[in-house]
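File shown here: protein.cif, holding mmCIF, C-alpha atoms.
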data_query
loop_
_atom_site.label_atom_id
_atom_site.label_comp_id
_atom_site.auth_asym_id
_atom_site.auth_seq_id
_atom_site.Cartn_x
_atom_site.Cartn_y
_atom_site.Cartn_z
CA MET A 117 135.64 -154.97 135.29
CA ALA A 118 134.65 -153.52 131.95
CA ASP A 119 137.30 -151.87 129.87
CA LYS A 120 137.54 -148.13 130.11
CA LEU A 121 136.30 -145.99 127.28
CA LEU A 122 138.96 -144.10 125.35
CA ASN A 123 137.73 -140.81 126.81
CA GLU A 124 138.20 -142.19 130.33
CA SER A 125 141.97 -142.52 129.88
CA GLU A 126 144.23 -140.46 132.11
CA LYS A 127 146.24 -139.31 129.12
CA PRO A 128 146.14 -139.86 125.34
CA GLY A 129 147.73 -143.01 123.93
CA LYS A 130 148.57 -144.38 120.48
CA LEU A 131 144.94 -144.86 119.48
CA HIS A 132 144.12 -141.28 120.41
CA PHE A 133 146.96 -139.92 118.31
CA ARG A 134 145.97 -142.04 115.32
CA ILE A 135 142.46 -140.60 115.55
CA LEU A 136 143.92 -137.10 115.88
CA PHE A 137 146.20 -137.61 112.88
CA ILE A 138 143.51 -138.82 110.46
CA SER A 139 141.09 -136.10 111.62
CA TRP A 140 143.77 -133.41 111.35
CA ALA A 141 145.00 -134.64 107.96
CA GLY A 142 141.44 -134.74 106.66
CA TRP A 143 140.97 -131.13 107.74
CA VAL A 144 144.30 -130.07 106.16
CA PHE A 145 143.26 -131.32 102.74
CA ASP A 146 139.69 -130.13 103.23
CA PHE A 147 140.90 -126.52 103.37
CA TYR A 148 143.70 -127.16 100.91
CA ASP A 149 141.13 -128.04 98.28
CA LEU A 150 138.90 -125.01 98.87
CA ILE A 151 141.73 -122.46 98.89
CA LEU A 152 143.66 -124.11 96.05
CA PHE A 153 140.64 -123.45 93.86
CA SER A 154 140.85 -119.76 94.79
CA PHE A 155 144.45 -119.69 93.53
CA LEU A 156 143.52 -121.48 90.33
CA LEU A 157 140.58 -119.21 89.47
CA LEU A 158 142.63 -117.04 87.12
CA PRO A 159 144.32 -119.78 85.02
CA ILE A 160 141.05 -121.75 84.87
CA GLY A 161 139.16 -118.67 83.73
CA GLN A 162 141.77 -117.86 81.09
CA GLU A 163 141.87 -121.36 79.58
CA LEU A 164 138.13 -122.09 79.68
CA HIS A 165 137.11 -118.46 78.97
CA PHE A 166 135.07 -117.95 82.15
CA SER A 167 134.07 -114.53 83.45
CA ASP A 168 134.63 -113.57 87.10
CA LEU A 169 130.91 -114.03 87.69
CA GLN A 170 130.95 -117.57 86.26
CA LEU A 171 133.95 -118.42 88.42
CA SER A 172 132.14 -117.06 91.47
CA TYR A 173 129.22 -119.40 90.73
CA VAL A 174 131.59 -122.38 90.54
CA MET A 175 133.18 -121.43 93.84
CA GLY A 176 129.80 -120.78 95.43
CA THR A 177 128.39 -124.09 94.20
CA SER A 178 131.25 -125.94 95.88
CA LEU A 179 130.48 -124.21 99.18
CA ALA A 180 126.75 -124.87 98.79
CA ALA A 181 127.46 -128.58 98.26
CA THR A 182 129.26 -128.68 101.62
CA ALA A 183 125.90 -128.00 103.29
CA ILE A 184 124.37 -131.08 101.68
CA GLY A 185 127.46 -133.15 102.45
CA GLY A 186 127.49 -132.00 106.06
CA VAL A 187 123.89 -133.08 106.65
CA ILE A 188 124.17 -136.38 104.73
CA PHE A 189 127.46 -137.52 106.24
CA GLY A 190 126.41 -136.30 109.68
CA ILE A 191 123.33 -138.54 109.60
CA LEU A 192 125.33 -141.46 108.16
CA SER A 193 128.03 -141.03 110.81
CA ASP A 194 125.49 -141.20 113.63
CA LYS A 195 124.08 -144.36 112.02
CA TYR A 196 127.18 -146.19 110.72
CA GLY A 197 130.05 -144.82 112.80
CA ARG A 198 132.66 -142.06 112.90
CA LYS A 199 135.61 -144.01 111.50
CA THR A 200 133.89 -145.25 108.34
CA MET A 201 132.33 -141.92 107.42
CA LEU A 202 135.51 -139.94 108.11
CA GLN A 203 137.38 -142.13 105.65
CA LEU A 204 134.56 -141.93 103.09
CA THR A 205 134.47 -138.12 103.21
CA ILE A 206 138.22 -137.89 102.52
CA VAL A 207 137.98 -140.32 99.59
CA THR A 208 134.96 -138.44 98.20
CA TYR A 209 136.58 -135.00 98.09
CA SER A 210 139.86 -136.48 96.80
CA ILE A 211 138.07 -138.06 93.85
CA GLY A 212 136.10 -134.87 93.16
CA THR A 213 139.26 -132.77 93.15
CA PHE A 214 141.02 -135.19 90.80
CA LEU A 215 138.10 -135.05 88.37
CA CYS A 216 138.29 -131.24 88.30
CA GLY A 217 141.58 -131.67 86.46
CA ILE A 218 139.81 -133.19 83.44
CA ALA A 219 136.88 -130.73 83.35
CA PRO A 220 136.39 -129.58 79.71
CA ASN A 221 133.73 -126.94 80.36
CA LEU A 222 131.61 -125.12 82.94
CA PHE A 223 129.04 -127.91 83.35
CA PHE A 224 131.56 -130.61 84.25
CA LEU A 225 133.57 -128.29 86.48
CA LEU A 226 130.39 -127.50 88.43
CA LEU A 227 129.56 -131.20 88.68
CA PHE A 228 133.01 -132.17 89.94
CA ARG A 229 133.08 -129.28 92.43
CA ILE A 230 129.75 -130.53 93.81
CA ILE A 231 131.30 -133.98 94.41
CA THR A 232 134.24 -132.31 96.11
CA GLY A 233 131.94 -130.15 98.23
CA LEU A 234 129.96 -133.16 99.46
CA GLY A 235 133.10 -134.76 100.88
CA VAL A 236 134.49 -131.50 102.22
CA GLY A 237 131.21 -130.83 104.02
CA GLY A 238 131.17 -134.14 105.83
CA GLU A 239 134.78 -134.18 107.04
CA TRP A 240 134.90 -131.49 109.74
CA ALA A 241 132.02 -132.58 111.94
CA THR A 242 132.92 -136.25 111.66
CA GLY A 243 136.52 -135.55 112.66
CA GLN A 244 135.62 -133.24 115.53
CA THR A 245 132.99 -135.68 116.79
CA TYR A 246 135.55 -138.49 116.59
CA ILE A 247 138.00 -136.47 118.71
CA GLY A 248 135.33 -135.18 121.09
CA GLU A 249 134.12 -138.69 121.90
CA THR A 250 137.51 -140.37 122.31
CA PHE A 251 139.73 -137.79 124.07
CA PRO A 252 139.49 -137.18 127.84
CA PRO A 253 137.18 -134.19 128.57
CA LYS A 254 139.91 -132.19 130.32
CA MET A 255 142.00 -132.35 127.11
CA ARG A 256 139.16 -132.17 124.57
CA GLY A 257 139.48 -128.45 123.90
CA ARG A 258 143.24 -128.66 123.47
CA TYR A 259 143.17 -131.48 120.95
CA GLY A 260 140.10 -130.09 119.19
CA ALA A 261 142.14 -126.92 118.66
CA ILE A 262 145.06 -128.96 117.34
CA MET A 263 142.75 -130.52 114.76
CA GLN A 264 141.64 -127.01 113.74
CA THR A 265 145.25 -126.09 112.92
CA GLY A 266 144.73 -128.27 109.86
CA ALA A 267 142.94 -125.27 108.30
CA PRO A 268 145.96 -122.91 108.20
CA PHE A 269 148.24 -125.82 107.28
CA GLY A 270 145.89 -126.58 104.40
CA ILE A 271 145.92 -122.97 103.25
CA LEU A 272 149.71 -122.88 103.53
CA LEU A 273 149.92 -125.97 101.34
CA ALA A 274 147.43 -124.49 98.87
CA SER A 275 149.47 -121.28 98.74
CA VAL A 276 152.63 -123.22 97.88
CA VAL A 277 150.96 -125.39 95.23
CA GLY A 278 148.79 -122.61 93.80
CA GLY A 279 151.38 -119.86 93.94
CA PHE A 280 154.64 -121.65 93.16
CA LEU A 281 153.77 -124.97 91.52
CA SER A 282 150.77 -124.16 89.33
CA PRO A 283 152.68 -121.71 87.06
CA VAL A 284 155.10 -124.58 86.35
CA ILE A 285 152.87 -127.65 86.01
CA GLY A 286 149.51 -126.03 85.16
CA TRP A 287 146.19 -125.95 87.00
CA ARG A 288 145.03 -129.38 85.80
CA ALA A 289 148.11 -131.14 87.20
CA CYS A 290 147.53 -129.38 90.54
CA PHE A 291 144.14 -131.08 90.75
CA PHE A 292 145.62 -134.45 89.75
CA ILE A 293 148.19 -134.48 92.55
CA SER A 294 145.47 -133.52 95.03
CA VAL A 295 144.18 -137.10 95.05
CA LEU A 296 146.99 -137.94 97.50
CA PRO A 297 144.82 -137.56 100.67
CA ALA A 298 142.96 -140.73 99.65
CA LEU A 299 146.23 -142.63 100.09
CA ILE A 300 146.31 -141.58 103.75
CA VAL A 301 143.02 -143.40 104.25
CA VAL A 302 144.40 -146.55 102.62
CA TYR A 303 147.41 -146.41 104.94
CA VAL A 304 145.71 -145.85 108.29
CA ARG A 305 142.23 -147.33 107.88
CA LYS A 306 143.03 -150.69 109.54
CA LYS A 307 144.83 -149.03 112.45
CA LEU A 308 141.92 -146.85 113.54
CA PRO A 309 139.41 -147.83 116.23
CA GLU A 310 135.75 -146.89 116.05
CA SER A 311 134.45 -144.40 118.60
CA ASP A 312 133.63 -146.61 121.59
CA VAL A 313 131.15 -144.01 122.85
CA TRP A 314 129.25 -144.41 119.56
CA ILE A 315 129.48 -148.24 119.82
CA LYS A 316 128.15 -148.15 123.38
CA ARG A 317 125.26 -145.96 122.33
CA GLN A 318 124.44 -148.31 119.42
CA ASN A 319 124.48 -151.33 121.72
CA ILE A 320 122.10 -149.62 124.15
CA SER A 321 119.75 -148.75 121.30
CA LEU A 322 119.76 -152.33 120.01
CA SER A 323 119.33 -153.94 123.44
CA THR A 324 116.44 -151.67 124.42
CA ASN A 325 114.89 -151.79 120.93
CA ILE A 326 114.76 -147.99 120.71
CA LYS A 327 113.07 -146.87 117.51
CA GLU A 328 115.41 -144.88 115.30
CA LYS A 329 114.30 -141.27 114.87
CA ASN A 330 115.05 -138.89 112.04
CA LYS A 331 118.13 -137.25 113.52
CA PHE A 332 117.99 -134.13 111.37
CA LEU A 333 114.35 -133.46 112.32
CA THR A 334 115.26 -134.08 115.96
CA LEU A 335 117.37 -130.93 115.83
CA PHE A 336 114.14 -128.96 115.39
CA SER A 337 112.29 -130.68 118.22
CA PHE A 338 111.24 -128.62 121.25
CA GLN A 339 114.21 -129.93 123.23
CA TYR A 340 116.93 -128.91 120.78
CA ARG A 341 115.64 -126.34 118.28
CA LYS A 342 116.60 -123.20 120.21
CA LEU A 343 120.10 -124.53 120.88
CA PHE A 344 120.54 -125.64 117.28
CA ILE A 345 119.30 -122.36 115.79
CA PHE A 346 121.58 -120.34 118.07
CA SER A 347 124.50 -122.56 117.04
CA LEU A 348 123.59 -122.23 113.37
CA ILE A 349 123.46 -118.43 113.51
CA LEU A 350 126.84 -118.33 115.24
CA ALA A 351 128.27 -120.54 112.50
CA ILE A 352 126.70 -118.38 109.76
CA PHE A 353 128.29 -115.20 111.11
CA ASP A 354 131.70 -116.80 111.52
CA MET A 355 131.61 -118.59 108.17
CA SER A 356 130.63 -115.34 106.47
CA ALA A 357 133.59 -113.58 108.06
CA TYR A 358 135.88 -116.35 106.84
CA TRP A 359 134.66 -116.78 103.27
CA PHE A 360 134.15 -113.08 102.57
CA THR A 361 137.85 -112.91 103.43
CA TYR A 362 139.33 -115.93 101.69
CA SER A 363 137.16 -116.74 98.66
CA TRP A 364 138.69 -113.89 96.63
CA LEU A 365 141.77 -112.92 98.68
CA PRO A 366 144.42 -114.45 96.34
CA ALA A 367 142.66 -112.86 93.33
CA TYR A 368 142.40 -109.55 95.23
CA LEU A 369 146.15 -109.46 95.81
CA ASN A 370 146.77 -110.44 92.19
CA GLN A 371 144.23 -108.23 90.40
CA ALA A 372 143.66 -105.22 92.66
CA ARG A 373 147.13 -104.98 94.19
CA HIS A 374 149.01 -106.25 91.12
CA PHE A 375 150.91 -109.00 92.92
CA THR A 376 152.28 -111.96 90.98
CA LEU A 377 150.82 -115.34 91.94
CA THR A 378 154.09 -116.09 93.72
CA LYS A 379 154.01 -112.88 95.75
CA SER A 380 150.32 -113.46 96.53
CA ALA A 381 151.28 -116.90 97.83
CA VAL A 382 153.97 -115.43 100.09
CA TRP A 383 151.53 -112.95 101.61
CA MET A 384 148.93 -115.70 102.08
CA ILE A 385 151.59 -117.72 103.88
CA ILE A 386 152.14 -114.77 106.25
CA THR A 387 148.40 -114.74 106.94
CA GLN A 388 148.40 -118.45 107.74
CA LEU A 389 151.37 -118.18 110.07
CA GLY A 390 149.10 -115.86 112.02
CA GLY A 391 146.36 -118.47 111.67
CA LEU A 392 148.55 -121.21 113.10
CA LEU A 393 149.37 -119.11 116.15
CA GLY A 394 145.72 -118.10 116.50
CA TYR A 395 144.41 -121.67 116.34
CA PHE A 396 146.99 -122.95 118.80
CA SER A 397 146.54 -120.11 121.29
CA PHE A 398 142.75 -119.89 121.25
CA GLY A 399 142.15 -123.05 123.27
CA PHE A 400 144.55 -122.01 126.03
CA ALA A 401 143.18 -118.45 126.12
CA ALA A 402 139.58 -119.72 126.22
CA ASP A 403 140.40 -122.09 129.11
CA LYS A 404 141.99 -119.27 131.09
CA TYR A 405 139.78 -116.27 130.30
CA GLY A 406 136.53 -117.89 129.16
CA ARG A 407 135.16 -118.69 125.72
CA ARG A 408 133.03 -115.62 125.15
CA PRO A 409 135.67 -113.00 126.01
CA THR A 410 138.24 -114.89 123.93
CA TYR A 411 135.88 -115.19 120.95
CA SER A 412 135.19 -111.47 121.12
CA VAL A 413 138.85 -110.45 121.26
CA TYR A 414 139.78 -112.68 118.34
CA SER A 415 136.84 -111.46 116.26
CA VAL A 416 137.79 -107.80 116.85
CA LEU A 417 141.42 -108.51 115.88
CA MET A 418 140.26 -110.14 112.64
CA ALA A 419 137.95 -107.21 111.86
CA VAL A 420 140.69 -104.63 112.43
CA GLY A 421 143.10 -106.53 110.21
CA LEU A 422 140.50 -106.80 107.44
CA ILE A 423 139.66 -103.10 107.41
CA MET A 424 143.33 -102.19 107.22
CA ILE A 425 144.14 -104.50 104.27
CA THR A 426 141.08 -103.45 102.27
CA LEU A 427 139.54 -100.03 102.89
CA LEU A 428 142.68 -98.44 104.36
CA TRP A 429 145.25 -100.15 102.14
CA ASP A 430 146.19 -96.96 100.31
CA SER A 431 146.72 -95.13 103.60
CA ILE A 432 149.30 -97.54 104.96
CA ILE A 433 150.90 -99.05 101.85
CA ILE A 434 153.80 -96.61 102.23
CA TYR A 435 154.73 -98.83 105.19
CA PRO A 436 154.56 -102.35 103.65
CA PHE A 437 155.50 -104.03 106.93
CA LEU A 438 152.23 -102.70 108.39
CA ILE A 439 150.25 -104.47 105.67
CA LEU A 440 152.06 -107.70 106.57
CA ILE A 441 151.26 -107.18 110.25
CA PHE A 442 147.57 -106.74 109.49
CA MET A 443 147.58 -109.74 107.13
CA PHE A 444 149.06 -111.72 110.04
CA LEU A 445 146.33 -110.31 112.31
CA VAL A 446 143.56 -111.45 109.96
CA GLY A 447 144.92 -115.00 110.13
CA PHE A 448 145.37 -114.82 113.91
CA GLY A 449 141.75 -113.75 114.39
CA THR A 450 140.45 -116.80 112.54
CA GLY A 451 141.78 -118.83 115.47
CA MET A 452 138.31 -118.45 116.99
CA PHE A 453 137.28 -121.45 114.87
CA SER A 454 139.21 -123.59 117.37
CA GLY A 455 136.30 -123.19 119.75
CA TYR A 456 133.72 -124.80 117.49
CA GLY A 457 134.52 -128.48 117.86
CA PRO A 458 134.65 -128.69 121.66
CA LEU A 459 131.70 -126.27 122.00
CA PHE A 460 129.37 -128.16 119.67
CA ALA A 461 130.53 -131.60 120.85
CA GLU A 462 129.58 -130.75 124.43
CA LEU A 463 126.23 -129.16 123.59
CA PHE A 464 124.61 -132.14 121.84
CA PRO A 465 124.16 -135.79 122.99
CA THR A 466 125.89 -138.75 121.32
CA GLU A 467 122.92 -139.93 119.26
CA ILE A 468 122.63 -136.64 117.34
CA ARG A 469 126.08 -135.11 117.93
CA ASN A 470 127.52 -135.60 114.46
CA THR A 471 124.23 -134.66 112.77
CA ALA A 472 124.05 -131.44 114.82
CA MET A 473 127.69 -130.49 114.28
CA GLY A 474 127.66 -131.36 110.59
CA SER A 475 124.37 -129.57 109.97
CA ALA A 476 125.19 -126.34 111.84
CA PHE A 477 128.72 -126.02 110.49
CA ASN A 478 127.98 -126.97 106.90
CA LEU A 479 124.58 -125.36 106.45
CA ALA A 480 126.41 -122.19 107.46
CA ARG A 481 129.16 -122.96 104.96
CA GLY A 482 126.61 -123.86 102.29
CA ILE A 483 124.98 -120.44 102.63
CA GLN A 484 128.35 -119.07 101.55
CA PHE A 485 127.30 -119.97 97.99
CA PHE A 486 126.27 -116.31 97.83
CA THR A 487 129.55 -114.94 99.22
CA PRO A 488 131.81 -115.06 96.13
CA VAL A 489 128.86 -113.96 93.97
CA ILE A 490 128.12 -110.97 96.23
CA ILE A 491 131.80 -109.98 96.19
CA ALA A 492 131.88 -110.22 92.39
CA TYR A 493 128.87 -107.90 92.13
CA ILE A 494 130.18 -105.41 94.70
CA ALA A 495 133.56 -105.42 92.97
CA ILE A 496 131.96 -104.01 89.82
CA LYS A 497 131.44 -100.68 91.61
CA TYR A 498 133.65 -100.76 94.70
CA GLY A 499 136.41 -103.20 93.76
CA LEU A 500 137.35 -106.45 95.46
CA ALA A 501 138.49 -104.46 98.50
CA GLY A 502 134.93 -103.23 99.03
CA GLY A 503 133.52 -106.76 98.80
CA ILE A 504 136.09 -108.39 101.06
CA SER A 505 135.75 -105.63 103.70
CA ILE A 506 132.23 -106.89 104.51
CA ALA A 507 133.96 -109.77 106.30
CA ALA A 508 134.86 -107.34 109.10
CA VAL A 509 131.17 -106.80 109.89
CA PHE A 510 130.55 -110.53 110.21
CA ALA A 511 133.65 -110.97 112.36
CA LEU A 512 132.27 -108.41 114.82
CA LEU A 513 128.80 -110.02 114.73
CA THR A 514 130.41 -113.35 115.69
CA GLY A 515 131.99 -111.84 118.80
CA ILE A 516 128.70 -110.20 119.78
CA TRP A 517 126.37 -113.14 119.08
CA LEU A 518 128.31 -115.55 121.29
CA TRP A 519 127.26 -113.52 124.32
#
Output the file's structure as structure tokens, nothing else.
Amino acid sequence: MADKLLNESEKPGKLHFRILFISWAGWVFDFYDLILFSFLLLPIGQELHFSDLQLSYVMGTSLAATAIGGVIFGILSDKYGRKTMLQLTIVTYSIGTFLCGIAPNLFFLLLFRIITGLGVGGEWATGQTYIGETFPPKMRGRYGAIMQTGAPFGILLASVVGGFLSPVIGWRACFFISVLPALIVVYVRKKLPESDVWIKRQNISLSTNIKEKNKFLTLFSFQYRKLFIFSLILAIFDMSAYWFTYSWLPAYLNQARHFTLTKSAVWMIITQLGGLLGYFSFGFAADKYGRRPTYSVYSVLMAVGLIMITLLWDSIIIYPFLILIFMFLVGFGTGMFSGYGPLFAELFPTEIRNTAMGSAFNLARGIQFFTPVIIAYIAIKYGLAGGISIAAVFALLTGIWLW
């Protein structure tokens, strides 16, 4: 009798947890890199004499590069395997981040952020596909949500390094130590199995001599285009809610609310404690009450928290604990991202799964090139609070569109 596939196991074993660990760790440092840069905006700008608008272009370029990375690594993963591409994405963004530490001017910083963005863009979909294909279906949502907790862990780590360590060692050293994720790949690479679902699909293709199609163009075929476009729009709304919130949030607390970098870090940590609870709880709530109602509730909670910490800040600042509660609520609401991996993994077949997930998720993230720039422009007249508050609109649109 043929051996069972990993996803046919009754319960997860050692191989499953190795896959979960590398996917989760990759996601931790994926978000760590993006948010660390938000913390380092001010010292970078001061040393290299960048304006806020120039910094917003650097940040936006990094996000735009994730779109390219998501498509490229998605196609490569469907062709060459989940394990290999997951490791390559982590190494790519680790090298890009390290190089940022030696950037002498705007041109090289942009170039190195593009390298980082390419790796960052490829990691999420590859990791979620890896988990989706190897974990038993009845547990897929649960462990997909666990992988998503890497995002708040990454932001927590970025808050500690950016808020507490960077004033001591400097922004360049923060980028240098961020090459450490590559060492994880070196340690675990020989202990990881390839996705056996992907291997099986490859063997079928070879034995039947199926002609390889352009996987990205397949997403726009009659069979898949409506599903892919709906998925892409959902991702755009949710990504906009997220990046309108986080791209300038540390700077907002520092500049507009006159927090020190350390105090900003503490408040960001509060937000991510909410995020951890939100990511963990979303999967269980969605299983019990349904995905659409759960998405909607979480999106409304995020929107309420955002309005309170931006437009209504002055009204409630006399009760600082209320601000902390709403910061916590913003993080909790982002838990709706836990639904992405299982949702997308189940919507698309094996042969285009990683391409579809990587393209939808990262094209949506790539569009966020405009987000920090838009906030910078709005801030000229309405302040950073006015720019960040737009995130509440996109949070509500996410909850509505899913229906």
Find the residues near stretch 207-213 of chain A: any atom within 6 Å, counting only C-alpha atoms, skip ones fewer than 6 places away on the same chain, and give them as an mmCIF file with C-alpha atoms, keeping the file's coordinate frame.
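Saved file selection-v7.cif follows:
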data_model
loop_
_atom_site.group_PDB
_atom_site.id
_atom_site.type_symbol
_atom_site.label_atom_id
_atom_site.label_comp_id
_atom_site.auth_asym_id
_atom_site.auth_seq_id
_atom_site.Cartn_x
_atom_site.Cartn_y
_atom_site.Cartn_z
ATOM 1 C CA PHE A 228 133.010 -132.170 89.940
ATOM 2 C CA ILE A 231 131.300 -133.980 94.410
ATOM 3 C CA THR A 232 134.240 -132.310 96.110
ATOM 4 C CA GLY A 235 133.100 -134.760 100.880
ATOM 5 C CA VAL A 236 134.490 -131.500 102.220
ATOM 6 C CA PHE A 291 144.140 -131.080 90.750
ATOM 7 C CA VAL A 295 144.180 -137.100 95.050
ATOM 8 C CA ALA A 298 142.960 -140.730 99.650
#
Practice problem: Output the residue selection produced by the PyMOL selection byres ((chain A and resi 170-183) around 9) on the file above, formatted as an MDAnalysis selection string. | Solution: chainID A and resid 150 153:154 157:158 160:161 166:169 184:188 222 225:226 228:238 363:364 474:492
Selection file, C-alpha atoms, as a tab-separated table (two decimals), in the coordinates of the input:
chain	number	residue	atom	x	y	z
A	150	LEU	CA	138.90	-125.01	98.87
A	153	PHE	CA	140.64	-123.45	93.86
A	154	SER	CA	140.85	-119.76	94.79
A	157	LEU	CA	140.58	-119.21	89.47
A	158	LEU	CA	142.63	-117.04	87.12
A	160	ILE	CA	141.05	-121.75	84.87
A	161	GLY	CA	139.16	-118.67	83.73
A	166	PHE	CA	135.07	-117.95	82.15
A	167	SER	CA	134.07	-114.53	83.45
A	168	ASP	CA	134.63	-113.57	87.10
A	169	LEU	CA	130.91	-114.03	87.69
A	184	ILE	CA	124.37	-131.08	101.68
A	185	GLY	CA	127.46	-133.15	102.45
A	186	GLY	CA	127.49	-132.00	106.06
A	187	VAL	CA	123.89	-133.08	106.65
A	188	ILE	CA	124.17	-136.38	104.73
A	222	LEU	CA	131.61	-125.12	82.94
A	225	LEU	CA	133.57	-128.29	86.48
A	226	LEU	CA	130.39	-127.50	88.43
A	228	PHE	CA	133.01	-132.17	89.94
A	229	ARG	CA	133.08	-129.28	92.43
A	230	ILE	CA	129.75	-130.53	93.81
A	231	ILE	CA	131.30	-133.98	94.41
A	232	THR	CA	134.24	-132.31	96.11
A	233	GLY	CA	131.94	-130.15	98.23
A	234	LEU	CA	129.96	-133.16	99.46
A	235	GLY	CA	133.10	-134.76	100.88
A	236	VAL	CA	134.49	-131.50	102.22
A	237	GLY	CA	131.21	-130.83	104.02
A	238	GLY	CA	131.17	-134.14	105.83
A	363	SER	CA	137.16	-116.74	98.66
A	364	TRP	CA	138.69	-113.89	96.63
A	474	GLY	CA	127.66	-131.36	110.59
A	475	SER	CA	124.37	-129.57	109.97
A	476	ALA	CA	125.19	-126.34	111.84
A	477	PHE	CA	128.72	-126.02	110.49
A	478	ASN	CA	127.98	-126.97	106.90
A	479	LEU	CA	124.58	-125.36	106.45
A	480	ALA	CA	126.41	-122.19	107.46
A	481	ARG	CA	129.16	-122.96	104.96
A	482	GLY	CA	126.61	-123.86	102.29
A	483	ILE	CA	124.98	-120.44	102.63
A	484	GLN	CA	128.35	-119.07	101.55
A	485	PHE	CA	127.30	-119.97	97.99
A	486	PHE	CA	126.27	-116.31	97.83
A	487	THR	CA	129.55	-114.94	99.22
A	488	PRO	CA	131.81	-115.06	96.13
A	489	VAL	CA	128.86	-113.96	93.97
A	490	ILE	CA	128.12	-110.97	96.23
A	491	ILE	CA	131.80	-109.98	96.19
A	492	ALA	CA	131.88	-110.22	92.39
Evaluate the PyMOL selection byres ((chain A and resi 151) around 12) and record the selected residues as a ChimeraX atom specification, following the chain and residue labels used in the document.
-> /A:144-150,152-157,175,178-179,267-279,358-359,361-367,381,384,388
Notebook entry, point to check: Do you have the atom CA of A:Trp143-atom CA of A:Thr334 distance handy?
Noted result: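 Taking atom CA of A:Trp143 and atom CA of A:Thr334, their separation equals 27.2 Å.
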Report, in Å to a single decimal, how far apart atom CA of A:Asp312 and atom CA of A:Leu122 are.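 These atoms are spaced 7.0 Å apart.
For the pair atom CA of A:Phe510 and atom CA of A:Val446, the separation is 13.0 Å.
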Exercise for the section: Find the residue from A:Ile206, A:Leu389, A:Ile293, A:Phe189 that sits nearest to A:Leu281; use all atoms listed in the file when measuring. Expected result: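 Using all atoms listed in the file, the shortest distance to A:Leu281 belongs to A:Ile293.
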Apply the PyMOL selection byres ((chain A and resi 412) around 9) to the file shown and report the selected residues as a PyMOL selection string. chain A and resi 407-411+413-417+452+511-512+514-516+518-519
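Using all atoms listed in the file, the protein and nucleic acid residues lying no more than 7 Å from stretch 194-201 of chain A, apart from those fewer than 6 places from it along its own chain, are Thr242, Tyr246, Glu310, Ser311, Trp314, Glu467, Ile468, Asn470 and Thr471 of chain A.
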Across A:Leu215, A:Ala241, A:Val304, A:Pro220, the smallest distance to A:Gln203, with only C-alpha atoms counted, is shown by A:Val304
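Nearest residue to A:Ser380 among A:Leu348, A:Leu440, A:Ile191, A:Ile434 is A:Leu440, counting all atoms listed in the file.
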